[in-house]
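One file, data29.txt, is given below (compact mmCIF, C-alpha atoms).
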```txt
# COMPACT_ATOMS: atom_id res chain seq x y z
CA MET A 1 -34.71 -23.24 84.74
CA SER A 2 -35.26 -19.57 84.51
CA PHE A 3 -31.44 -19.14 84.50
CA LEU A 4 -31.25 -21.52 81.57
CA ARG A 5 -33.94 -19.62 79.77
CA LYS A 6 -32.60 -16.16 80.48
CA PHE A 7 -28.90 -16.66 79.81
CA ILE A 8 -27.98 -19.93 78.19
CA ILE A 9 -30.56 -20.01 75.39
CA PRO A 10 -29.86 -16.41 74.29
CA ALA A 11 -26.10 -17.09 74.60
CA LEU A 12 -26.41 -20.17 72.41
CA PHE A 13 -28.55 -18.22 69.99
CA LEU A 14 -25.94 -15.42 69.77
CA LEU A 15 -23.17 -17.98 69.35
CA LEU A 16 -25.06 -19.68 66.53
CA ILE A 17 -25.71 -16.35 64.75
CA SER A 18 -22.07 -15.28 65.07
CA LEU A 19 -20.91 -18.62 63.68
CA ILE A 20 -23.24 -18.23 60.72
CA ILE A 21 -22.07 -14.66 60.04
CA THR A 22 -18.33 -15.35 60.34
CA ALA A 23 -18.26 -18.81 58.85
CA ARG A 24 -16.65 -19.36 55.47
CA PRO A 25 -18.64 -21.36 53.02
CA LYS A 26 -17.71 -24.99 53.32
CA TRP A 27 -18.71 -25.61 49.69
CA GLN A 28 -16.65 -24.11 47.00
CA SER A 29 -16.50 -25.52 43.49
CA SER A 30 -13.93 -24.77 40.84
CA GLN A 31 -13.48 -26.52 37.55
CA GLU A 32 -11.22 -26.08 34.55
CA LEU A 33 -12.35 -26.53 31.00
CA ASP A 34 -9.94 -27.13 28.14
CA LEU A 35 -10.87 -25.68 24.78
CA ASN A 36 -9.37 -27.48 21.83
CA LEU A 37 -9.46 -25.39 18.68
CA ARG A 38 -8.62 -27.00 15.35
CA VAL A 39 -8.06 -24.68 12.41
CA VAL A 40 -8.83 -26.58 9.22
CA GLU A 41 -7.10 -26.11 5.91
CA TYR A 42 -8.08 -23.08 3.89
CA ILE A 43 -7.26 -22.75 0.21
CA GLU A 44 -8.60 -20.05 -2.06
CA LEU A 45 -7.78 -20.04 -5.77
CA ARG A 46 -9.15 -17.46 -8.17
CA LEU A 47 -8.42 -17.33 -11.88
CA PRO A 48 -10.53 -16.56 -14.93
CA ASP A 49 -12.66 -19.22 -16.60
CA SER A 50 -11.07 -18.48 -19.96
CA ILE A 51 -8.66 -16.22 -21.78
CA ASN A 52 -9.51 -15.00 -25.28
CA MET A 53 -6.88 -13.63 -27.64
CA ASP A 54 -7.17 -12.51 -31.25
CA VAL A 55 -3.68 -12.94 -32.71
CA LYS A 56 -2.09 -12.21 -36.06
CA VAL A 57 0.72 -13.71 -38.08
CA GLY A 58 3.73 -11.43 -37.80
CA GLU A 59 2.69 -9.63 -34.60
CA ASP A 60 3.74 -10.55 -31.06
CA GLN A 61 1.06 -10.14 -28.46
CA SER A 62 0.67 -10.84 -24.76
CA ILE A 63 -2.06 -10.77 -22.19
CA ALA A 64 -1.94 -10.98 -18.39
CA VAL A 65 -4.79 -12.12 -16.15
CA ASP A 66 -5.09 -12.12 -12.36
CA PHE A 67 -4.05 -15.27 -10.53
CA PHE A 68 -4.84 -15.34 -6.79
CA LEU A 69 -3.90 -18.07 -4.31
CA ARG A 70 -4.24 -17.91 -0.53
CA THR A 71 -3.63 -20.79 1.85
CA ASN A 72 -2.97 -21.53 5.51
CA CYS A 73 -1.31 -24.89 4.81
CA ARG A 74 1.51 -26.26 2.68
CA VAL A 75 0.16 -27.07 -0.79
CA ASN A 76 1.38 -28.22 -4.16
CA LEU A 77 0.41 -26.03 -7.09
CA THR A 78 0.47 -27.90 -10.39
CA LEU A 79 -0.10 -26.43 -13.83
CA GLU A 80 -0.45 -28.51 -16.95
CA SER A 81 -1.08 -27.57 -20.56
CA ALA A 82 -2.88 -30.05 -22.82
CA GLY A 83 -1.70 -28.40 -26.04
CA PHE A 84 -3.68 -26.81 -28.83
CA VAL A 85 -6.57 -28.43 -30.66
CA ASP A 86 -8.75 -27.06 -33.42
CA GLU A 87 -12.53 -26.76 -33.58
CA ASN A 88 -12.76 -30.51 -34.37
CA GLN A 89 -10.64 -31.38 -31.31
CA GLU A 90 -7.72 -32.41 -33.52
CA LYS A 91 -4.24 -31.56 -32.26
CA VAL A 92 -2.46 -28.63 -33.88
CA SER A 93 0.93 -29.08 -32.26
CA ILE A 94 2.68 -26.41 -34.34
CA LEU A 95 0.87 -23.73 -32.32
CA ASN A 96 2.45 -25.07 -29.12
CA ASN A 97 5.80 -23.69 -30.33
CA TYR A 98 4.48 -20.13 -30.59
CA VAL A 99 2.62 -19.69 -27.31
CA GLU A 100 4.41 -19.24 -24.00
CA TYR A 101 2.98 -19.20 -20.49
CA SER A 102 4.38 -17.49 -17.41
CA LEU A 103 3.26 -17.24 -13.82
CA ASP A 104 4.97 -14.37 -11.99
CA GLY A 105 7.32 -15.67 -9.33
CA PHE A 106 6.89 -19.32 -10.33
CA PHE A 107 7.94 -19.85 -13.96
CA ASP A 108 8.70 -17.97 -17.16
CA GLY A 109 8.39 -18.92 -20.80
CA LYS A 110 6.89 -22.41 -20.68
CA LYS A 111 5.76 -23.47 -24.14
CA ALA A 112 2.18 -24.61 -24.57
CA SER A 113 1.72 -28.34 -24.11
CA PHE A 114 4.15 -28.56 -21.20
CA ALA A 115 3.71 -31.75 -19.21
CA LYS A 116 3.49 -30.51 -15.63
CA ALA A 117 4.97 -27.77 -13.54
CA THR A 118 4.64 -28.40 -9.79
CA PHE A 119 5.55 -25.91 -7.06
CA ARG A 120 5.52 -26.11 -3.25
CA VAL A 121 3.66 -23.24 -1.64
CA LYS A 122 4.30 -22.39 2.01
CA PRO A 123 1.55 -21.99 4.64
CA GLY A 124 0.44 -18.39 5.05
CA THR A 125 0.92 -17.62 1.37
CA LYS A 126 -1.16 -14.86 -0.13
CA TYR A 127 -0.14 -14.74 -3.79
CA ASN A 128 -1.65 -12.10 -6.00
CA GLY A 129 0.14 -12.27 -9.33
CA LYS A 130 -0.35 -12.50 -13.06
CA PHE A 131 -0.65 -15.45 -15.39
CA ARG A 132 0.73 -14.33 -18.75
CA VAL A 133 0.17 -15.70 -22.23
CA LYS A 134 2.57 -14.60 -24.96
CA TRP A 135 1.91 -15.12 -28.67
CA LEU A 136 5.15 -15.26 -30.67
CA GLY A 137 3.61 -14.03 -33.91
CA THR A 138 6.83 -12.65 -35.38
CA SER A 139 8.56 -16.04 -35.15
CA PHE A 140 5.41 -17.73 -36.40
CA ALA A 141 5.50 -15.59 -39.57
CA GLU A 142 9.04 -16.76 -40.30
CA ASP A 143 8.20 -20.47 -40.07
CA GLU A 144 5.33 -22.70 -41.13
CA TRP A 145 2.45 -20.30 -40.54
CA GLN A 146 0.73 -21.31 -43.77
CA ILE A 147 0.07 -24.78 -42.27
CA VAL A 148 -2.35 -23.29 -39.72
CA ASN A 149 -5.72 -22.21 -41.07
CA ARG A 150 -7.66 -19.26 -39.86
CA GLY A 151 -9.94 -20.38 -37.03
CA ASP A 152 -10.38 -20.96 -33.33
CA TYR A 153 -7.87 -23.02 -31.38
CA GLN A 154 -7.96 -24.00 -27.76
CA ASP A 155 -5.49 -25.13 -25.11
CA THR A 156 -6.75 -26.35 -21.76
CA ILE A 157 -4.61 -25.35 -18.79
CA THR A 158 -5.32 -27.37 -15.68
CA VAL A 159 -4.47 -25.79 -12.33
CA THR A 160 -4.48 -28.22 -9.41
CA VAL A 161 -3.95 -27.41 -5.75
CA SER A 162 -3.31 -30.38 -3.47
CA TYR A 163 -1.92 -30.98 0.01
```

Entire entry expressed as C-alpha cells:
Amino acid sequence: MSFLRKFIIPALFLLLISLIITARPKWQSSQELDLNLRVVEYIELRLPDSINMDVKVGEDQSIAVDFFLRTNCRVNLTLESAGFVDENQEKVSILNNYVEYSLDGFFDGKKASFAKATFRVKPGTKYNGKFRVKWLGTSFAEDEWQIVNRGDYQDTITVTVSY
C-alpha cells in the first residue's frame, strides 16, 4: 500500500496534469453569418419652384435655371407643359407659339404646351444641367401681338420621375 501511495498515485497525478496541459480543446465552435444588404432606390431631383421672366414685344430673351437629377436606378423622366393661361385661368394659346423650352442633353426647342416628353435615365446618373426658357419676342412682334394684353401669364411645367 505504501508502494501504491508513493509511486502510483503521484504517477497518475502527473499523467493527469500532462494530459490537461497538452490536450487540445475538445469544444470548438465556428459559425458563419450571411449579411444580406439591399440598396434601395435613390432619386434626387432639384429644380426651382418657379421661373419669372419680364418679356417685351420685339425682344428675344432667354433664361436658364439649374436642373439636377441623381439616381441609382433606371427611371423615366417626363416633362409636360400645360400651356399658358391668364390671371383668370383662361387659356391664351397664342403665347405657346412664342415660348420654347430646352433641357440640356435631353431636348431642344419644345414649344410651350407640349404634350409629354419622356426620357429613360440610366442608373448611376448624376445630371447637372440647365432648363432653358426662350421668349421669341421678335417673332411675336411680327404676328398677332396685339391680341395679348399686358399682364401676367402662367404655364405649369410638370416634371415626373418614375421607375

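Interatomic distance, atom CA of A:Thr125 against atom CA of A:Glu80: 21.4 Å.
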
Could you give me, as JSON lines, every stretch 25-67 of chain A residue with an atom at most 12 Å from stretch 145-159 of chain A, plus its closest atom pair and distance in Å to one decimal, counting all atoms listed in the file, rows ordered by chain then number?
```
{"residue": "A:Leu45", "atom": "CA", "partner": "A:Val159", "partner_atom": "CA", "distance": 9.3}
{"residue": "A:Arg46", "atom": "CA", "partner": "A:Val159", "partner_atom": "CA", "distance": 10.4}
{"residue": "A:Leu47", "atom": "CA", "partner": "A:Val159", "partner_atom": "CA", "distance": 9.3}
{"residue": "A:Pro48", "atom": "CA", "partner": "A:Ile157", "partner_atom": "CA", "distance": 11.3}
{"residue": "A:Asp49", "atom": "CA", "partner": "A:Ile157", "partner_atom": "CA", "distance": 10.4}
{"residue": "A:Ser50", "atom": "CA", "partner": "A:Thr156", "partner_atom": "CA", "distance": 9.2}
{"residue": "A:Ile51", "atom": "CA", "partner": "A:Gln154", "partner_atom": "CA", "distance": 9.8}
{"residue": "A:Asn52", "atom": "CA", "partner": "A:Gln154", "partner_atom": "CA", "distance": 9.5}
{"residue": "A:Met53", "atom": "CA", "partner": "A:Asp152", "partner_atom": "CA", "distance": 9.9}
{"residue": "A:Asp54", "atom": "CA", "partner": "A:Asp152", "partner_atom": "CA", "distance": 9.3}
{"residue": "A:Val55", "atom": "CA", "partner": "A:Arg150", "partner_atom": "CA", "distance": 10.3}
{"residue": "A:Lys56", "atom": "CA", "partner": "A:Arg150", "partner_atom": "CA", "distance": 9.8}
{"residue": "A:Val57", "atom": "CA", "partner": "A:Trp145", "partner_atom": "CA", "distance": 7.2}
{"residue": "A:Gly58", "atom": "CA", "partner": "A:Trp145", "partner_atom": "CA", "distance": 9.4}
{"residue": "A:Phe67", "atom": "CA", "partner": "A:Val159", "partner_atom": "CA", "distance": 10.7}
```

Select, from A:Thr118, A:Ser102, A:Ser93, A:Asn128, the residue with the minimum atom-to-atom distance to A:Glu144, counting only C-alpha atoms. A:Ser93

What is the distance, in Å and to one decimal place, between atom CA of A:Lys122 and atom CA of A:Leu37?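 Result for atom CA of A:Lys122 versus atom CA of A:Leu37: 21.8 Å, one decimal.
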
Which neighbours of A:Asn76 fall inside 8 Å, counting all atoms listed in the file, when residues of the same chain fewer than 4 positions from it are skipped, and could you give them as number ranges by chain? A: 118-121, 160-163

Would you mind telling me which residue in A:Leu77, A:Gly129, A:Leu136, A:Phe13 lies nearest to A:Ala117 when using only C-alpha atoms?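 For A:Ala117, the nearest of the given residues is A:Leu77.
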
For a test of reading the model, state the distance in Å between atom CA of A:Asp104 and atom CA of A:Arg74, rounded to one decimal.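 Distance between the two atoms: 19.2 Å.
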
Counting only C-alpha atoms, the option among A:Ser29, A:Ser62, A:Ser113, A:Asn36 closest to A:Phe131: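 Using only C-alpha atoms, A:Phe131 sits closest to A:Ser62.
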
Which centre and which edge lengths, in Å to one decimal, describe the axis-aligned box that holds all listed atoms of stretch 7-24 of chain A after 4 Å is added on each side, as lines of an AutoDock Vina configuration file?
```
center_x = -23.6
center_y = -17.4
center_z = 67.6
size_x = 21.9
size_y = 13.5
size_z = 32.3
```

From the options A:Phe114, A:Val39, A:Lys134, A:Gln28, which residue's atoms come nearest to A:Asn72, counting only C-alpha atoms? A:Val39
